[in-house]
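Shown here: entry_31.tsv, TSV, C-alpha atoms.
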```
chain	number	residue	atom	x	y	z
N	1	MET	CA	-13.52	24.40	12.99
N	2	THR	CA	-11.74	21.57	14.80
N	3	ASP	CA	-7.96	21.24	14.76
N	4	ARG	CA	-8.15	18.11	12.60
N	5	LEU	CA	-10.44	19.72	10.03
N	6	ARG	CA	-8.26	22.82	9.98
N	7	THR	CA	-5.20	20.66	9.32
N	8	VAL	CA	-6.92	18.88	6.43
N	9	VAL	CA	-8.12	22.14	4.88
N	10	ILE	CA	-4.63	23.66	5.10
N	11	ALA	CA	-3.08	20.53	3.58
N	12	VAL	CA	-5.55	20.51	0.66
N	13	LEU	CA	-5.06	24.23	-0.03
N	14	THR	CA	-1.27	23.85	0.14
N	15	ALA	CA	-1.35	20.89	-2.25
N	16	THR	CA	-3.61	22.82	-4.64
N	17	ALA	CA	-1.31	25.83	-4.59
N	18	ALA	CA	1.78	23.67	-5.12
N	19	GLY	CA	0.11	21.83	-7.98
N	20	SER	CA	-0.91	25.09	-9.61
N	21	LEU	CA	2.65	26.40	-9.43
N	22	LEU	CA	3.97	23.23	-11.06
N	23	MET	CA	1.40	23.63	-13.83
N	24	ILE	CA	2.51	27.21	-14.43
N	25	PHE	CA	6.16	26.16	-14.58
N	26	ALA	CA	5.17	23.47	-17.11
N	27	GLY	CA	3.51	26.10	-19.26
N	28	ALA	CA	-0.08	25.03	-18.62
N	29	SER	CA	-3.03	27.01	-17.32
N	30	PRO	CA	-4.00	25.86	-13.80
N	31	LEU	CA	-7.64	26.83	-14.38
N	32	ASP	CA	-7.78	24.72	-17.53
N	33	VAL	CA	-6.10	21.72	-15.87
N	34	TRP	CA	-8.31	21.83	-12.77
N	35	ALA	CA	-11.40	22.21	-14.98
N	36	ARG	CA	-10.41	19.15	-17.00
N	37	MET	CA	-9.82	17.16	-13.82
N	38	ALA	CA	-13.23	18.19	-12.48
N	39	ALA	CA	-14.89	17.22	-15.77
N	40	ALA	CA	-13.21	13.83	-15.63
N	41	GLN	CA	-15.06	13.03	-12.41
N	42	GLY	CA	-18.28	12.74	-14.40
N	43	ASP	CA	-16.70	10.55	-17.05
N	44	ARG	CA	-16.94	6.78	-16.53
N	45	TYR	CA	-13.45	6.12	-17.83
N	46	GLY	CA	-11.99	8.94	-15.75
N	47	LEU	CA	-13.80	7.66	-12.68
N	48	GLY	CA	-12.45	4.18	-13.32
N	49	GLN	CA	-8.89	5.41	-13.64
N	50	LEU	CA	-9.33	7.44	-10.46
N	51	LEU	CA	-10.43	4.32	-8.60
N	52	PHE	CA	-7.58	2.31	-10.10
N	53	ARG	CA	-4.96	4.80	-8.91
N	54	ALA	CA	-6.61	5.32	-5.53
N	55	THR	CA	-6.71	1.61	-4.69
N	56	PRO	CA	-2.98	1.06	-4.05
N	57	LEU	CA	-2.74	4.44	-2.30
N	58	ILE	CA	-5.40	3.34	0.20
N	59	LEU	CA	-3.50	0.13	0.90
N	60	THR	CA	-0.05	1.70	1.18
N	61	GLY	CA	-1.59	4.50	3.25
N	62	LEU	CA	-2.91	1.88	5.66
N	63	ALA	CA	0.56	0.31	5.66
N	64	VAL	CA	1.86	3.56	7.12
N	65	ALA	CA	-1.09	4.33	9.38
N	66	VAL	CA	-0.99	1.07	11.36
N	67	PRO	CA	2.66	1.34	12.50
N	68	LEU	CA	2.10	5.03	13.30
N	69	ARG	CA	-0.38	3.92	15.94
N	70	ALA	CA	2.30	1.67	17.41
N	71	GLY	CA	4.94	4.41	17.47
N	72	LEU	CA	6.76	3.36	14.29
N	73	PHE	CA	7.17	4.93	10.86
N	74	ASN	CA	6.92	2.58	7.90
N	75	ILE	CA	8.67	3.96	4.85
N	76	GLY	CA	9.31	0.48	3.47
N	77	GLY	CA	6.15	0.18	1.40
N	78	GLU	CA	8.19	0.09	-1.80
N	79	GLY	CA	10.10	-3.04	-0.85
N	80	GLN	CA	7.06	-4.69	0.71
N	81	LEU	CA	5.01	-4.06	-2.44
N	82	THR	CA	7.76	-5.35	-4.73
N	83	ALA	CA	8.30	-8.55	-2.78
N	84	ALA	CA	4.57	-9.14	-2.65
N	85	ALA	CA	4.01	-8.50	-6.35
N	86	LEU	CA	6.73	-10.96	-7.30
N	87	ALA	CA	5.43	-13.68	-4.95
N	88	CYS	CA	1.86	-13.10	-6.10
N	89	ALA	CA	2.80	-13.31	-9.79
N	90	VAL	CA	4.86	-16.48	-9.35
N	91	VAL	CA	2.11	-18.28	-7.41
N	92	ALA	CA	-0.70	-17.10	-9.70
N	93	ALA	CA	1.20	-18.28	-12.78
N	94	ALA	CA	2.18	-21.66	-11.30
N	95	VAL	CA	-1.21	-22.95	-10.17
N	96	PRO	CA	-3.12	-25.34	-12.45
N	97	THR	CA	-5.38	-23.63	-14.94
N	98	THR	CA	-8.25	-25.86	-13.85
N	99	TRP	CA	-8.37	-24.40	-10.34
N	100	PRO	CA	-11.31	-22.03	-9.70
N	101	ALA	CA	-10.95	-18.31	-9.02
N	102	LEU	CA	-12.35	-18.76	-5.50
N	103	LEU	CA	-9.23	-20.77	-4.69
N	104	VAL	CA	-6.60	-19.10	-6.87
N	105	VAL	CA	-7.26	-15.45	-5.96
N	106	PRO	CA	-7.12	-15.96	-2.16
N	107	LEU	CA	-4.00	-18.10	-2.59
N	108	ALA	CA	-2.26	-15.43	-4.67
N	109	CYS	CA	-3.31	-12.70	-2.22
N	110	ALA	CA	-2.07	-14.81	0.69
N	111	ALA	CA	1.31	-15.17	-1.04
N	112	ALA	CA	1.46	-11.41	-1.53
N	113	MET	CA	0.55	-10.69	2.08
N	114	ALA	CA	3.06	-13.25	3.36
N	115	ALA	CA	5.91	-11.79	1.29
N	116	GLY	CA	5.09	-8.19	2.17
N	117	GLY	CA	4.48	-9.12	5.79
N	118	ALA	CA	7.85	-10.88	6.02
N	119	VAL	CA	9.67	-7.74	4.85
N	120	GLY	CA	7.65	-5.63	7.27
N	121	ALA	CA	8.26	-8.03	10.15
N	122	ALA	CA	11.99	-8.01	9.44
N	123	THR	CA	11.99	-4.23	9.68
N	124	GLY	CA	10.09	-4.32	12.96
N	125	ALA	CA	12.26	-7.06	14.44
N	126	LEU	CA	15.48	-5.20	13.64
N	127	ARG	CA	14.01	-2.09	15.26
N	128	VAL	CA	12.79	-3.87	18.39
N	129	TYR	CA	15.50	-6.46	19.01
N	130	ARG	CA	18.60	-4.80	17.55
N	131	GLY	CA	17.81	-1.12	18.06
N	132	ALA	CA	18.17	-0.26	14.37
N	133	HIS	CA	16.05	2.69	13.27
N	134	GLU	CA	13.10	1.44	11.22
N	135	VAL	CA	13.39	4.24	8.66
N	136	ILE	CA	17.02	3.43	7.86
N	137	VAL	CA	16.29	-0.29	7.80
N	138	ALA	CA	13.30	0.21	5.50
N	139	ILE	CA	15.26	2.35	3.05
N	140	LEU	CA	17.96	-0.31	2.84
N	141	LEU	CA	15.42	-3.11	2.46
N	142	ASN	CA	13.69	-1.20	-0.34
N	143	ALA	CA	16.92	-1.28	-2.33
N	144	ILE	CA	17.75	-4.87	-1.37
N	145	VAL	CA	14.33	-6.21	-2.31
N	146	ALA	CA	14.38	-4.40	-5.66
N	147	GLY	CA	17.79	-5.88	-6.42
N	148	VAL	CA	16.84	-9.40	-5.32
N	149	ALA	CA	13.64	-9.28	-7.38
N	150	LEU	CA	15.61	-8.29	-10.47
N	151	TRP	CA	18.22	-10.98	-9.78
N	152	LEU	CA	15.59	-13.68	-9.34
N	153	GLY	CA	13.88	-12.55	-12.50
N	154	ASN	CA	17.07	-12.72	-14.52
N	155	ARG	CA	17.86	-16.12	-13.02
N	156	GLY	CA	14.76	-17.66	-14.53
N	157	LEU	CA	11.52	-15.96	-13.60
N	158	PHE	CA	11.45	-13.49	-16.49
N	159	VAL	CA	10.21	-14.83	-19.82
N	160	GLY	CA	11.38	-13.78	-23.25
N	161	ASP	CA	13.56	-10.71	-23.57
N	162	ALA	CA	11.47	-8.55	-21.20
N	163	THR	CA	11.79	-8.03	-17.45
N	164	ARG	CA	8.38	-9.64	-16.98
N	165	THR	CA	7.26	-12.93	-15.47
N	166	ALA	CA	4.85	-15.38	-17.07
N	167	THR	CA	1.23	-14.30	-17.36
N	168	ILE	CA	-0.94	-15.45	-14.46
N	169	VAL	CA	-3.69	-18.01	-15.07
N	170	PRO	CA	-7.06	-16.60	-16.21
N	171	ALA	CA	-8.76	-17.60	-12.93
N	172	ALA	CA	-6.40	-15.28	-11.01
N	173	GLN	CA	-7.24	-12.21	-13.09
N	174	LEU	CA	-9.60	-9.94	-11.17
N	175	PRO	CA	-12.82	-8.86	-12.88
N	176	SER	CA	-13.01	-5.30	-14.16
N	177	LEU	CA	-15.55	-2.87	-12.73
N	178	GLY	CA	-16.73	-2.23	-16.27
N	179	LEU	CA	-16.13	1.51	-16.23
N	180	ALA	CA	-15.71	2.29	-19.94
N	181	GLY	CA	-12.60	0.15	-20.40
N	182	SER	CA	-10.69	1.66	-17.48
N	183	SER	CA	-8.18	-0.32	-15.40
N	184	ALA	CA	-10.39	-0.34	-12.28
N	185	SER	CA	-11.02	-3.82	-10.89
N	186	VAL	CA	-12.76	-5.31	-7.88
N	187	SER	CA	-9.56	-4.71	-5.92
N	188	ALA	CA	-10.94	-1.20	-5.32
N	189	ILE	CA	-13.72	-2.77	-3.26
N	190	GLY	CA	-11.14	-4.87	-1.45
N	191	ALA	CA	-9.12	-1.80	-0.52
N	192	VAL	CA	-12.15	-0.11	1.03
N	193	ALA	CA	-12.94	-3.33	2.91
N	194	ALA	CA	-9.33	-3.46	4.18
N	195	ALA	CA	-9.65	0.09	5.50
N	196	ALA	CA	-12.90	-0.77	7.29
N	197	ILE	CA	-11.36	-3.90	8.80
N	198	MET	CA	-8.28	-2.04	10.03
N	199	ALA	CA	-10.45	0.72	11.53
N	200	TRP	CA	-12.36	-1.98	13.43
N	201	VAL	CA	-9.15	-3.74	14.52
N	202	LEU	CA	-7.65	-0.51	15.80
N	203	ALA	CA	-10.76	0.57	17.67
N	204	ARG	CA	-12.37	-2.66	18.84
N	205	THR	CA	-9.77	-5.41	19.36
N	206	THR	CA	-7.12	-6.15	21.96
N	207	VAL	CA	-4.49	-6.16	19.21
N	208	GLY	CA	-5.47	-2.65	18.16
N	209	PHE	CA	-5.56	-1.57	21.79
N	210	GLY	CA	-2.01	-2.85	22.23
N	211	TRP	CA	-0.85	-0.92	19.18
N	212	ARG	CA	-2.49	2.29	20.34
N	213	MET	CA	-1.19	2.05	23.89
N	214	THR	CA	2.32	1.25	22.66
N	215	GLY	CA	2.28	4.27	20.40
N	216	GLN	CA	1.15	6.55	23.21
N	217	GLY	CA	3.98	5.45	25.49
N	218	LYS	CA	6.05	2.30	25.48
N	219	ASP	CA	7.11	2.53	29.10
N	220	ALA	CA	3.56	3.00	30.34
N	221	ALA	CA	2.30	0.20	28.10
N	222	ARG	CA	5.02	-2.13	29.34
N	223	ALA	CA	4.25	-1.23	32.95
N	224	ALA	CA	0.60	-2.08	32.27
N	225	GLY	CA	1.65	-5.56	31.20
N	226	LEU	CA	1.40	-5.17	27.44
N	227	ALA	CA	3.83	-7.04	25.17
N	228	VAL	CA	5.28	-3.90	23.61
N	229	ASP	CA	7.94	-5.61	21.49
N	230	ARG	CA	5.46	-8.04	20.01
N	231	ALA	CA	2.98	-5.25	19.35
N	232	GLN	CA	5.50	-3.28	17.31
N	233	VAL	CA	6.67	-6.29	15.29
N	234	THR	CA	3.10	-7.36	14.52
N	235	ALA	CA	2.20	-3.80	13.54
N	236	MET	CA	5.04	-3.74	11.01
N	237	ALA	CA	4.14	-7.22	9.76
N	238	THR	CA	0.53	-6.13	9.29
N	239	ALA	CA	1.73	-3.03	7.46
N	240	GLY	CA	3.80	-5.18	5.12
N	241	ALA	CA	0.80	-7.41	4.44
N	242	LEU	CA	-1.32	-4.37	3.56
N	243	ALA	CA	1.35	-3.07	1.20
N	244	GLY	CA	1.45	-6.61	-0.18
N	245	LEU	CA	-2.20	-6.31	-1.15
N	246	ALA	CA	-1.25	-3.24	-3.19
N	247	GLY	CA	1.23	-5.43	-5.04
N	248	ALA	CA	-1.50	-8.01	-5.63
N	249	HIS	CA	-3.72	-5.24	-7.02
N	250	PHE	CA	-1.17	-4.43	-9.72
N	251	VAL	CA	-0.56	-8.08	-10.59
N	252	LEU	CA	-4.04	-9.59	-10.41
N	253	GLY	CA	-6.06	-6.58	-11.46
N	254	HIS	CA	-3.89	-4.85	-14.04
N	255	LYS	CA	-0.63	-6.22	-15.46
N	256	HIS	CA	-1.40	-9.92	-14.88
N	257	ALA	CA	2.34	-10.48	-14.30
N	258	PHE	CA	5.25	-9.01	-12.38
N	259	GLU	CA	7.28	-6.39	-14.19
N	260	GLU	CA	10.47	-4.72	-12.99
N	261	GLY	CA	9.46	-1.38	-11.48
N	262	LEU	CA	5.80	-2.35	-11.09
N	263	GLY	CA	4.05	0.11	-8.77
N	264	ARG	CA	7.24	2.08	-8.18
N	265	GLY	CA	6.63	5.19	-6.09
N	266	THR	CA	3.33	3.97	-4.66
N	267	GLY	CA	4.84	3.14	-1.28
N	268	PHE	CA	6.20	6.66	-0.84
N	269	LEU	CA	2.90	8.23	-1.94
N	270	GLY	CA	1.20	6.13	0.72
N	271	VAL	CA	3.22	8.00	3.35
N	272	ALA	CA	1.70	11.29	2.23
N	273	VAL	CA	-1.79	9.77	2.20
N	274	ALA	CA	-1.45	8.42	5.75
N	275	LEU	CA	-0.06	11.68	7.12
N	276	LEU	CA	-2.81	13.70	5.46
N	277	ALA	CA	-5.38	11.37	7.04
N	278	GLN	CA	-3.54	11.69	10.36
N	279	GLY	CA	-3.21	7.92	10.61
N	280	ARG	CA	-6.97	7.25	10.66
N	281	ALA	CA	-7.89	4.22	8.56
N	282	LEU	CA	-11.29	5.38	7.30
N	283	ALA	CA	-10.01	8.89	6.57
N	284	ILE	CA	-7.48	7.36	4.18
N	285	VAL	CA	-10.34	6.22	1.94
N	286	GLY	CA	-11.61	9.79	1.71
```
Go through the file and emit its structure as C-alpha cells.
Amino acid sequence: MTDRLRTVVIAVLTATAAGSLLMIFAGASPLDVWARMAAAQGDRYGLGQLLFRATPLILTGLAVAVPLRAGLFNIGGEGQLTAAALACAVVAAAVPTTWPALLVVPLACAAAMAAGGAVGAATGALRVYRGAHEVIVAILLNAIVAGVALWLGNRGLFVGDATRTATIVPAAQLPSLGLAGSSASVSAIGAVAAAAIMAWVLARTTVGFGWRMTGQGKDAARAAGLAVDRAQVTAMATAGALAGLAGAHFVLGHKHAFEEGLGRGTGFLGVAVALLAQGRALAIVG
C-alpha cells in the first residue's frame, strides 16, 4: 500500500470512527445510521441531494488545493463565496428578462468569479507585498465581507422584510438534473469540469508549473527566473474564483437569490476536502 493510499484509508477510518462516536452521543445507533446512508445511495432523491451537497465542496476544495501548490493556505473560502454569491445574485436579477440563458448564466458566473477572485487576490497581495500572513488576512476578510454583504443588503439590495435579494431572472436559473425533485442541478457537472480543468492547468501549463515550483521552494523558483510573487497572487485569485463558482451554484442552482448566511460553513469544509485529497484536483472529486 502506497503512502498516499495509506493516508486516505486512515483518514476515512478516523472520520468513520468520529462520526460513529457523535451518533452514540446523540443517542442514535451508528449501524442504523450508516445503513440508512448506504440505502440512500440507491435512491434517486438521495443521490441528487448527495450531488447537490458535493458540488460546492468540490469547488471550495479546489479553492484550497490550488494555493497549496503555490505554498499558500487559503482559508478565506467563506468570504470569497459570500462576495461571489452577492455579486452573482445582483447581476442575475438585474439583466433583462428577454436575454437568453446562454448569455445570462455565463455573465452571472463571471460576476461571481470576479468578486471571489478579487477577495482572493487581495489576500494574496497582502501576503506577498506586505508580508501579512494569508491565514490571518483571510479570517479577517471573511468577517469583513460578511458584514459588508449584510450592510449592502440592508442599504437596498434586500427586498421585503427578509434578508434576501430579488429573485434572479428565469433564464439564469440552472436546470435541475431531474433526480426525484432533489436540489441537484447542472452545476454538479460544472464542478467536475472545473476539477478536470484545474488538474490540466496544474500538470500541463506554464502557469501550473510556476505554481508548483513556487510551492516547492520560492528561493529556487526565483533563482530559476520564475515570477514568484505573481504566481502566488494569481494562485489566490484563481482560488477565489473557484470559491466564487460555489457561490454561483447556491444562487443559480438552488436559492435563486442571495440570502444572508447562504452557503455558510462550505468554505471551511472545503479545507478538509482539499487536505484529505492531498491537494490533488481530481482526487477532490472522489
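Each of N:Ala149, N:Leu245, N:Ala92, N:Leu276 was checked against N:Ala194 using only C-alpha atoms; the smallest atom-to-atom distance is that of N:Leu245.
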Students should find that atom CA of N:Leu150 and atom CA of N:Phe258 are spaced 10.6 Å
Within 7 Å of N:Asp229 using all atoms listed in the file, minus same-chain residues under 3 positions, as a PyMOL selection string:
chain N and resi 128+232-233
Go ahead and write the residues just picked, C-alpha atoms, as a PDB file, in the frame of the given file.
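As written to disk, result-v4.pdb reads:
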```pdb
ATOM      1  CA  VAL N 128      12.790  -3.870  18.390  1.00  0.00           C
ATOM      2  CA  GLN N 232       5.500  -3.280  17.310  1.00  0.00           C
ATOM      3  CA  VAL N 233       6.670  -6.290  15.290  1.00  0.00           C
TER       4      VAL N 233
END
```
Using all atoms listed in the file, which residues sit within 8 Å of N:Ala87 once same-chain residues fewer than 2 positions away are excluded, as number ranges by chain?
N: 83-85, 89-91, 108, 111-112, 115
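Atom CA of N:Ala231 to atom CA of N:Gly215 spans 9.6 Å [interatomic distance, one decimal].
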12 Å contact set for N:Asn142, all atoms listed in the file, chain neighbours under 3 positions out, as a PDB file with C-alpha atoms, keeping the file's coordinate frame:
```pdb
ATOM      1  CA  ASN N  74       6.920   2.580   7.900  1.00  0.00           C
ATOM      2  CA  ILE N  75       8.670   3.960   4.850  1.00  0.00           C
ATOM      3  CA  GLY N  76       9.310   0.480   3.470  1.00  0.00           C
ATOM      4  CA  GLY N  77       6.150   0.180   1.400  1.00  0.00           C
ATOM      5  CA  GLU N  78       8.190   0.090  -1.800  1.00  0.00           C
ATOM      6  CA  GLY N  79      10.100  -3.040  -0.850  1.00  0.00           C
ATOM      7  CA  GLN N  80       7.060  -4.690   0.710  1.00  0.00           C
ATOM      8  CA  LEU N  81       5.010  -4.060  -2.440  1.00  0.00           C
ATOM      9  CA  THR N  82       7.760  -5.350  -4.730  1.00  0.00           C
ATOM     10  CA  ALA N  83       8.300  -8.550  -2.780  1.00  0.00           C
ATOM     11  CA  GLY N 116       5.090  -8.190   2.170  1.00  0.00           C
ATOM     12  CA  VAL N 119       9.670  -7.740   4.850  1.00  0.00           C
ATOM     13  CA  GLY N 120       7.650  -5.630   7.270  1.00  0.00           C
ATOM     14  CA  THR N 123      11.990  -4.230   9.680  1.00  0.00           C
ATOM     15  CA  GLU N 134      13.100   1.440  11.220  1.00  0.00           C
ATOM     16  CA  VAL N 135      13.390   4.240   8.660  1.00  0.00           C
ATOM     17  CA  ILE N 136      17.020   3.430   7.860  1.00  0.00           C
ATOM     18  CA  VAL N 137      16.290  -0.290   7.800  1.00  0.00           C
ATOM     19  CA  ALA N 138      13.300   0.210   5.500  1.00  0.00           C
ATOM     20  CA  ILE N 139      15.260   2.350   3.050  1.00  0.00           C
ATOM     21  CA  VAL N 145      14.330  -6.210  -2.310  1.00  0.00           C
ATOM     22  CA  ALA N 146      14.380  -4.400  -5.660  1.00  0.00           C
ATOM     23  CA  GLY N 147      17.790  -5.880  -6.420  1.00  0.00           C
ATOM     24  CA  VAL N 148      16.840  -9.400  -5.320  1.00  0.00           C
ATOM     25  CA  ALA N 149      13.640  -9.280  -7.380  1.00  0.00           C
ATOM     26  CA  GLY N 240       3.800  -5.180   5.120  1.00  0.00           C
ATOM     27  CA  GLY N 261       9.460  -1.380 -11.480  1.00  0.00           C
ATOM     28  CA  ARG N 264       7.240   2.080  -8.180  1.00  0.00           C
ATOM     29  CA  GLY N 265       6.630   5.190  -6.090  1.00  0.00           C
ATOM     30  CA  GLY N 267       4.840   3.140  -1.280  1.00  0.00           C
ATOM     31  CA  PHE N 268       6.200   6.660  -0.840  1.00  0.00           C
TER      32      PHE N 268
END
```
Per residue of stretch 51-158 of chain N within 9 Å of stretch 195-200 of chain N, what are the shortest atom pair and its distance in Å to one decimal, counting only C-alpha atoms, with rows by chain and residue number, as a Markdown table?
```
| residue | atom | partner | partner_atom | distance |
| --- | --- | --- | --- | --- |
| N:Ile58 | CA | N:Ala195 | CA | 7.5 |
| N:Leu59 | CA | N:Ala195 | CA | 7.7 |
| N:Leu62 | CA | N:Ala195 | CA | 7.0 |
| N:Val66 | CA | N:Met198 | CA | 8.0 |
```
When distances are computed from only C-alpha atoms, which of N:Gly71, N:Asp43, N:Arg280, N:Trp151 shows the smallest separation from N:Gly217?
N:Gly71
Nearby residues (only C-alpha atoms) at most 10 Å from N:Thr234, same-chain spacing under 5 positions excluded, as a PDB file with C-alpha atoms, in the coordinates of the input:
```pdb
ATOM      1  CA  VAL N  66      -0.990   1.070  11.360  1.00  0.00           C
ATOM      2  CA  PRO N  67       2.660   1.340  12.500  1.00  0.00           C
ATOM      3  CA  ALA N  70       2.300   1.670  17.410  1.00  0.00           C
ATOM      4  CA  GLY N 117       4.480  -9.120   5.790  1.00  0.00           C
ATOM      5  CA  GLY N 120       7.650  -5.630   7.270  1.00  0.00           C
ATOM      6  CA  ALA N 121       8.260  -8.030  10.150  1.00  0.00           C
ATOM      7  CA  GLY N 124      10.090  -4.320  12.960  1.00  0.00           C
ATOM      8  CA  ALA N 125      12.260  -7.060  14.440  1.00  0.00           C
ATOM      9  CA  VAL N 207      -4.490  -6.160  19.210  1.00  0.00           C
ATOM     10  CA  TRP N 211      -0.850  -0.920  19.180  1.00  0.00           C
ATOM     11  CA  VAL N 228       5.280  -3.900  23.610  1.00  0.00           C
ATOM     12  CA  ASP N 229       7.940  -5.610  21.490  1.00  0.00           C
ATOM     13  CA  ALA N 239       1.730  -3.030   7.460  1.00  0.00           C
ATOM     14  CA  GLY N 240       3.800  -5.180   5.120  1.00  0.00           C
TER      15      GLY N 240
END
```
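Atom CA of N:Gln278 is found 28.0 Å from atom CA of N:Pro30.
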Could you name the residues that touch N:Pro175 at 8 Å or less, counting only C-alpha atoms, but leaving out those on the same chain fewer than 2 positions away, as a ChimeraX atom specification?
/N:173,177,185-186,253
Selected residue, from N:Gly244, N:Phe73, N:Ala235, N:Val159, that lies nearest to N:Ala110 when counting all atoms listed in the file
N:Gly244
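Distances from N:Ala274, N:Leu179, N:Leu141, N:Met23 to N:Tyr45 were compared using all atoms listed in the file, and the smallest one belongs to N:Leu179.
Remark: for N:Phe209, the closest of the candidate residues N:Ala221, N:Ala101, N:Ile284, N:Ala193 is N:Ala221 (distances computed over only C-alpha atoms).
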N:Ala94, N:Thr205, N:Glu259, N:Ser183: which is nearest N:Leu50, counting all atoms listed in the file?
N:Ser183
With N, CA and C atoms as the atom set, please write stretch 226-241 of chain N from the structure just given, as a CSV table (one decimal), in the first residue's frame.
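To be explicit, this is the file written out as selection_17.csv:
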```csv
chain,number,residue,atom,x,y,z
N,226,LEU,N,11.5,32.5,-12.3
N,226,LEU,CA,10.1,32.5,-12.2
N,226,LEU,C,9.6,33.7,-11.4
N,227,ALA,N,8.4,34.3,-11.8
N,227,ALA,CA,7.8,35.4,-11.1
N,227,ALA,C,7.0,34.9,-9.9
N,228,VAL,N,7.7,34.7,-8.8
N,228,VAL,CA,7.2,34.0,-7.7
N,228,VAL,C,6.0,34.8,-7.1
N,229,ASP,N,6.2,36.1,-6.9
N,229,ASP,CA,5.2,37.0,-6.4
N,229,ASP,C,3.9,36.9,-7.2
N,230,ARG,N,4.0,37.0,-8.5
N,230,ARG,CA,2.9,37.0,-9.4
N,230,ARG,C,2.2,35.6,-9.3
N,231,ALA,N,3.0,34.6,-9.2
N,231,ALA,CA,2.4,33.2,-9.1
N,231,ALA,C,1.6,33.0,-7.9
N,232,GLN,N,2.0,33.6,-6.8
N,232,GLN,CA,1.2,33.4,-5.6
N,232,GLN,C,0.0,34.2,-5.6
N,233,VAL,N,0.0,35.4,-6.1
N,233,VAL,CA,-1.2,36.3,-6.2
N,233,VAL,C,-2.2,35.6,-7.2
N,234,THR,N,-1.7,35.2,-8.3
N,234,THR,CA,-2.6,34.6,-9.3
N,234,THR,C,-3.2,33.3,-8.7
N,235,ALA,N,-2.5,32.5,-7.9
N,235,ALA,CA,-3.0,31.3,-7.3
N,235,ALA,C,-4.1,31.6,-6.4
N,236,MET,N,-4.0,32.7,-5.6
N,236,MET,CA,-5.0,33.1,-4.7
N,236,MET,C,-6.2,33.6,-5.4
N,237,ALA,N,-6.0,34.4,-6.5
N,237,ALA,CA,-7.1,34.9,-7.3
N,237,ALA,C,-7.9,33.8,-7.9
N,238,THR,N,-7.2,32.8,-8.4
N,238,THR,CA,-7.8,31.6,-9.0
N,238,THR,C,-8.6,30.9,-8.0
N,239,ALA,N,-8.1,30.8,-6.8
N,239,ALA,CA,-8.8,30.1,-5.7
N,239,ALA,C,-10.1,30.8,-5.4
N,240,GLY,N,-10.0,32.2,-5.3
N,240,GLY,CA,-11.2,33.0,-5.0
N,240,GLY,C,-12.3,32.8,-6.1
N,241,ALA,N,-11.8,32.7,-7.4
N,241,ALA,CA,-12.7,32.5,-8.5
N,241,ALA,C,-13.4,31.1,-8.4
```
